[in-house]
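See below for data.cif, which holds mmCIF, C-alpha atoms.
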data_work
loop_
_atom_site.label_atom_id
_atom_site.label_comp_id
_atom_site.auth_asym_id
_atom_site.auth_seq_id
_atom_site.Cartn_x
_atom_site.Cartn_y
_atom_site.Cartn_z
CA MET A 1196 -20.50 -17.59 12.68
CA HIS A 1197 -21.30 -19.74 9.64
CA LEU A 1198 -24.01 -18.96 7.10
CA ASP A 1199 -26.21 -21.60 5.47
CA THR A 1200 -27.63 -20.41 2.18
CA SER A 1201 -28.41 -21.35 -1.39
CA ALA A 1202 -25.87 -20.45 -4.08
CA ALA A 1203 -27.02 -19.96 -7.65
CA ASN A 1204 -25.32 -21.96 -10.40
CA LEU A 1205 -24.70 -20.65 -13.90
CA ASP A 1206 -27.43 -22.89 -15.35
CA GLY A 1207 -30.04 -21.46 -12.97
CA SER A 1208 -30.05 -24.33 -10.48
CA ASN A 1209 -29.05 -23.92 -6.84
CA THR A 1210 -26.54 -25.55 -4.49
CA ASN A 1211 -26.93 -25.66 -0.73
CA VAL A 1212 -23.77 -24.24 0.81
CA ARG A 1213 -22.36 -23.40 4.21
CA LEU A 1214 -20.01 -20.39 4.34
CA ASP A 1215 -17.77 -20.61 7.39
CA GLN A 1216 -17.80 -16.88 8.11
CA ALA A 1217 -18.58 -13.44 6.76
CA PRO A 1218 -15.72 -10.98 6.25
CA ASP A 1219 -15.29 -8.82 9.34
CA THR A 1220 -13.52 -5.92 7.60
CA CYS A 1221 -14.70 -3.98 4.56
CA PRO A 1222 -11.93 -4.06 1.91
CA ARG A 1223 -13.04 -0.70 0.57
CA CYS A 1224 -13.24 1.48 3.70
CA HIS A 1225 -11.14 -0.79 5.99
CA ARG A 1226 -13.60 -0.49 8.87
CA SER A 1227 -14.57 -3.41 11.09
CA VAL A 1228 -18.17 -4.26 10.21
CA HIS A 1229 -20.79 -6.96 10.21
CA PRO A 1230 -21.59 -6.81 6.48
CA LYS A 1231 -25.01 -7.48 5.05
CA PHE A 1232 -25.17 -10.70 3.01
CA ILE A 1233 -26.76 -10.17 -0.43
CA THR A 1234 -26.39 -13.33 -2.51
CA ALA A 1235 -24.08 -16.25 -3.27
CA GLN A 1236 -22.95 -17.77 -6.56
CA ALA A 1237 -21.52 -21.28 -7.05
CA PHE A 1238 -18.88 -22.17 -9.65
CA ASP A 1239 -19.39 -25.06 -12.06
CA ASP A 1240 -16.15 -26.74 -10.97
CA ARG A 1241 -17.70 -26.91 -7.48
CA THR A 1242 -14.42 -25.86 -5.81
CA LYS A 1243 -15.26 -22.20 -5.29
CA CYS A 1244 -18.13 -20.00 -4.20
CA GLN A 1245 -18.52 -16.24 -4.11
CA ALA A 1246 -20.80 -14.18 -1.88
CA ALA A 1247 -21.78 -10.56 -2.34
CA TYR A 1248 -21.87 -8.36 0.76
CA ARG A 1249 -22.64 -4.74 1.50
CA CYS A 1250 -20.69 -2.69 4.01
CA THR A 1251 -22.96 -1.59 6.84
CA HIS A 1252 -20.98 1.50 7.83
CA HIS A 1253 -23.05 4.56 6.92
CA LYS A 1254 -20.06 6.38 5.41
CA CYS A 1255 -19.31 3.51 3.01
CA GLN A 1256 -22.21 1.16 2.15
CA GLU A 1257 -20.23 -0.21 -0.81
CA MET A 1258 -20.59 -3.73 -2.22
CA PHE A 1259 -17.77 -6.25 -2.14
CA LEU A 1260 -17.17 -9.96 -2.72
CA GLY A 1261 -16.03 -12.75 -0.46
CA THR A 1262 -14.45 -15.69 -2.28
CA TYR A 1263 -14.64 -19.10 -0.61
CA ARG A 1264 -12.81 -22.39 -1.20
CA PHE A 1265 -14.44 -25.81 -0.97
CA GLN A 1266 -13.64 -27.73 2.21
CA GLY A 1267 -15.97 -30.72 2.18
CA GLU A 1268 -19.58 -31.86 2.06
CA SER A 1269 -22.03 -33.25 4.59
CA ALA A 1270 -25.77 -33.77 4.77
CA GLY A 1271 -26.20 -32.57 1.20
CA ARG A 1272 -24.55 -29.23 1.88
CA ARG A 1273 -21.19 -28.12 0.49
CA HIS A 1274 -18.90 -26.38 2.99
CA PHE A 1275 -16.68 -23.43 2.02
CA SER A 1276 -14.09 -21.38 3.93
CA LEU A 1277 -13.33 -17.71 3.33
CA TRP A 1278 -10.27 -17.23 1.13
CA ASN A 1279 -10.16 -13.52 0.27
CA VAL A 1280 -12.22 -10.38 -0.23
CA SER A 1281 -12.22 -7.94 -3.13
CA PRO A 1282 -11.86 -5.33 -4.42
CA VAL A 1283 -9.22 -4.18 -1.94
CA ILE A 1284 -8.86 -0.40 -1.95
CA ALA A 1285 -5.56 0.66 -0.41
CA LYS A 1286 -5.60 3.12 2.45
CA SER A 1287 -4.01 6.39 1.44
CA THR A 1288 -1.01 7.26 3.56
CA ALA A 1289 -1.16 10.77 5.01
CA PHE A 1290 2.30 12.30 5.25
CA PRO A 1291 3.29 15.19 7.54
CA GLN A 1292 2.46 18.65 6.23
CA VAL A 1293 6.12 19.65 5.89
CA ILE A 1294 6.64 16.67 3.54
CA GLN A 1295 3.55 17.53 1.49
CA ASP A 1296 4.69 21.14 1.27
CA ILE A 1297 8.12 20.36 -0.20
CA SER A 1298 7.13 17.32 -2.30
CA PRO A 1299 3.42 16.88 -3.05
CA THR A 1300 4.24 14.61 -6.00
CA PHE A 1301 6.04 12.20 -3.67
CA SER A 1302 2.84 11.63 -1.69
CA GLU A 1303 0.88 11.01 -4.88
CA ILE A 1304 3.36 8.48 -6.29
CA PHE A 1305 3.81 6.67 -2.96
CA ASN A 1306 0.06 6.17 -2.61
CA GLN A 1307 -0.23 4.95 -6.19
CA ALA A 1308 2.44 2.35 -5.38
CA GLU A 1309 0.37 1.25 -2.39
CA HIS A 1310 -2.70 0.94 -4.62
CA ALA A 1311 -0.65 -1.29 -6.93
CA GLU A 1312 0.30 -3.41 -3.93
CA ALA A 1313 -3.35 -3.72 -2.87
CA ALA A 1314 -4.23 -4.81 -6.41
CA GLU A 1315 -1.48 -7.48 -6.19
CA LEU A 1316 0.53 -5.82 -8.97
CA ASP A 1317 3.69 -6.91 -7.20
CA GLN A 1318 6.09 -6.15 -10.03
CA LEU A 1319 5.06 -2.48 -10.10
CA VAL A 1320 5.21 -1.65 -6.39
CA GLY A 1321 8.99 -1.35 -6.11
CA ILE A 1322 9.20 0.70 -9.30
CA GLY A 1323 6.64 3.15 -7.90
CA LEU A 1324 8.45 3.42 -4.57
CA ARG A 1325 11.75 4.07 -6.38
CA LYS A 1326 10.15 6.91 -8.33
CA ALA A 1327 8.54 8.33 -5.20
CA LEU A 1328 11.92 8.29 -3.46
CA GLU A 1329 13.55 10.26 -6.27
CA PHE A 1330 10.92 12.99 -6.12
CA LEU A 1331 11.19 13.20 -2.34
CA VAL A 1332 14.99 13.37 -2.26
CA LYS A 1333 15.33 15.84 -5.13
CA ASP A 1334 12.58 18.12 -3.84
CA PHE A 1335 14.24 18.11 -0.42
CA ALA A 1336 17.63 18.80 -2.00
CA VAL A 1337 16.19 21.72 -3.97
CA SER A 1338 14.75 23.19 -0.77
CA GLU A 1339 18.18 22.91 0.90
CA ASN A 1340 20.37 24.18 -1.96
CA ALA A 1341 19.28 27.56 -3.26
CA GLY A 1342 20.23 28.27 -6.85
CA LYS A 1343 21.04 24.64 -7.73
CA GLU A 1344 17.59 23.45 -8.78
CA GLN A 1345 18.47 22.64 -12.38
CA GLU A 1346 21.65 20.81 -11.41
CA ILE A 1347 19.73 18.73 -8.89
CA ARG A 1348 16.93 17.96 -11.33
CA ASN A 1349 19.42 16.73 -13.96
CA SER A 1350 21.50 14.60 -11.60
CA LEU A 1351 21.17 10.86 -11.06
CA LEU A 1352 19.55 9.93 -7.77
CA GLY A 1353 22.76 8.50 -6.32
CA SER A 1354 24.71 11.63 -7.25
CA CYS A 1355 21.99 13.84 -5.81
CA ILE A 1356 22.14 12.02 -2.49
CA ALA A 1357 25.94 12.15 -2.39
CA ASN A 1358 26.34 15.78 -3.45
CA PHE A 1359 23.27 17.67 -2.25
CA ILE A 1360 22.09 15.97 0.96
CA ASP A 1361 23.98 17.07 4.07
CA ASP A 1362 21.94 15.49 6.87
CA ALA A 1363 23.72 12.20 7.69
CA ASN A 1364 20.57 10.27 8.60
CA VAL A 1365 18.70 11.37 5.48
CA LYS A 1366 21.74 10.60 3.34
CA GLU A 1367 22.31 7.08 4.69
CA CYS A 1368 18.65 6.02 4.61
CA ALA A 1369 18.04 7.53 1.17
CA LYS A 1370 21.20 5.89 -0.18
CA ARG A 1371 20.05 2.44 0.92
CA ALA A 1372 16.52 3.02 -0.30
CA ALA A 1373 17.99 3.93 -3.69
CA TRP A 1374 20.01 0.70 -3.75
CA LEU A 1375 16.90 -1.39 -3.15
CA GLY A 1376 14.85 0.77 -5.53
CA ASN A 1377 17.37 0.09 -8.28
CA ASP A 1378 17.03 -3.64 -7.59
CA GLU A 1379 13.31 -3.30 -8.32
CA THR A 1380 13.98 -1.80 -11.75
CA HIS A 1381 16.98 -3.88 -12.90
CA TYR A 1382 17.18 -7.38 -14.35
CA THR A 1383 19.67 -8.64 -11.76
CA ARG A 1384 19.24 -8.04 -8.02
CA LYS A 1385 22.21 -7.13 -5.83
CA TRP A 1386 20.41 -7.36 -2.49
CA ASP A 1387 18.93 -10.85 -2.50
CA THR A 1388 18.10 -10.83 1.21
CA LYS A 1389 16.00 -7.66 0.94
CA ASP A 1390 12.64 -7.11 -0.72
CA VAL A 1391 10.05 -4.43 -1.38
CA SER A 1392 9.01 -4.34 2.29
CA ASP A 1393 12.54 -3.25 3.18
CA LEU A 1394 12.41 -0.63 0.45
CA LYS A 1395 9.13 0.73 1.79
CA LEU A 1396 10.55 0.90 5.32
CA LEU A 1397 13.66 2.76 4.14
CA VAL A 1398 11.51 5.25 2.23
CA ARG A 1399 9.48 5.84 5.40
CA LEU A 1400 12.68 6.29 7.41
CA THR A 1401 13.88 8.82 4.84
CA VAL A 1402 10.58 10.67 5.21
CA ASN A 1403 10.94 10.69 9.00
CA TRP A 1404 14.50 12.04 8.94
CA ILE A 1405 13.59 14.72 6.40
CA GLU A 1406 10.66 15.77 8.58
CA ASN A 1407 12.98 15.93 11.61
CA SER A 1408 15.52 18.00 9.70
CA LEU A 1409 12.93 20.47 8.40
CA LEU A 1410 11.18 20.90 11.74
CA THR A 1411 14.47 21.31 13.59
CA LYS A 1412 15.55 24.10 11.26
CA LYS A 1413 12.12 25.71 11.48
CA TYR A 1414 12.13 25.96 15.27
CA ILE A 1415 15.76 26.99 15.50
CA ALA A 1416 15.01 29.85 13.09
CA GLU A 1417 11.81 30.87 14.86
CA MET A 1418 13.17 30.68 18.42
CA GLN A 1419 16.53 32.40 18.60
CA ALA A 1420 18.54 32.36 21.84
CA GLY A 1421 17.62 35.17 24.19
CA GLY A 1422 13.98 35.33 23.12
CA ALA A 1423 11.29 35.96 25.71
#
Represent the structure of the file as structure tokens.
Amino acid sequence: MHLDTSAANLDGSNTNVRLDQAPDTCPRCHRSVHPKFITAQAFDDRTKCQAAYRCTHHKCQEMFLGTYRFQGESAGRRHFSLWNVSPVIAKSTAFPQVIQDISPTFSEIFNQAEHAEAAELDQLVGIGLRKALEFLVKDFAVSENAGKEQEIRNSLLGSCIANFIDDANVKECAKRAAWLGNDETHYTRKWDTKDVSDLKLLVRLTVNWIENSLLTKKYIAEMQAGGA
């Protein structure tokens, strides 16, 4: 539903504007809301307008901005359509407990990469995912290879995957994630048909296979044949 209001100009004057809609999701808490309109500001170039809103969910109540682009004018009122909302706060990804137990740093780095993505720092997202992958793979390898921690820590990621990861699914997904992660850190790309979304998916697949491997071993160890 549109909103007719008065937007303040920098010189103190006002412009009559029509905003085509209010944001229906809070960019800070990610809940669906009907935000409370606070005020609107017009830009001198007359092509843009910003409106301040407040989230109406009781657990959030934070302020955020809706930015609108000029669409036309009629009856002395300038019409604007919603373009984006800010600031966008990325949702933190909660990983399974077995993953957090073996590699808490992985979870931290992965979520920082997602915050970079939410902030549109596109060139940093792949680098962060590549680093997260290395911590995940090496921490998993350490947990699987007693007495070889220092050797694993000092190895290159590719060598670690080849020499210290036995599970075939983990190995193949991690290997491909490493290939794409390297593309994100090098000047020349080798995988032109893949991008950071593929890298993120391969990292998540690696997480899933590691979780499966760890849980399988856990229940096999806890429930030996012949038990009651």
So which residues get picked by the PyMOL selection byres ((chain A and resi 1258-1275) around 7) here, written as a compact mmCIF listing (two decimals) with C-alpha atoms, keeping the file's coordinate frame?
# COMPACT_ATOMS: atom_id res chain seq x y z
CA ASN A 1211 -26.93 -25.66 -0.73
CA VAL A 1212 -23.77 -24.24 0.81
CA ARG A 1213 -22.36 -23.40 4.21
CA LEU A 1214 -20.01 -20.39 4.34
CA ASP A 1215 -17.77 -20.61 7.39
CA PRO A 1218 -15.72 -10.98 6.25
CA THR A 1242 -14.42 -25.86 -5.81
CA LYS A 1243 -15.26 -22.20 -5.29
CA CYS A 1244 -18.13 -20.00 -4.20
CA GLN A 1245 -18.52 -16.24 -4.11
CA ALA A 1246 -20.80 -14.18 -1.88
CA ALA A 1247 -21.78 -10.56 -2.34
CA TYR A 1248 -21.87 -8.36 0.76
CA ARG A 1249 -22.64 -4.74 1.50
CA CYS A 1250 -20.69 -2.69 4.01
CA GLN A 1256 -22.21 1.16 2.15
CA GLU A 1257 -20.23 -0.21 -0.81
CA SER A 1276 -14.09 -21.38 3.93
CA LEU A 1277 -13.33 -17.71 3.33
CA TRP A 1278 -10.27 -17.23 1.13
CA ASN A 1279 -10.16 -13.52 0.27
CA VAL A 1280 -12.22 -10.38 -0.23
CA SER A 1281 -12.22 -7.94 -3.13
CA PRO A 1282 -11.86 -5.33 -4.42
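For the set A:Lys1333, A:Thr1220, A:Glu1367, A:Val1283, the residue with the smallest atom-to-atom gap to A:His1252 is A:Thr1220, counting only C-alpha atoms.
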Pick from A:Met1196, A:Val1398, A:Ala1235, A:Ala1363, whichever lies nearest to A:Val1332 using only C-alpha atoms = A:Val1398
Reference answer for the PyMOL selection byres ((chain A and resi 1295-1297) around 12), as a ChimeraX atom specification = /A:1288-1294,1298-1305,1330-1339,1402,1405-1406,1409
Run through the PyMOL selection byres ((chain A and resi 1374) around 12) on the given coordinates and return the selected residues as a ChimeraX atom specification.
-> /A:1321,1324-1325,1328-1329,1352-1353,1356,1367-1373,1375-1381,1384-1387,1389-1391,1393-1394,1397-1398
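As for atom CA of A:Leu1400 and atom CA of A:Arg1226, they are spaced 27.2 Å apart.
Atom CA of A:Asp1361 is found 18.0 Å from atom CA of A:Ala1416.
The gap separating atom CA of A:Ile1347 from atom CA of A:Phe1359 is 7.6 Å, in Å to one decimal.
Minimum atom-to-atom distance to A:Cys1255, evaluated using all atoms listed in the file, belongs to A:His1225 out of A:Lys1412, A:His1225, A:His1310, A:His1197.
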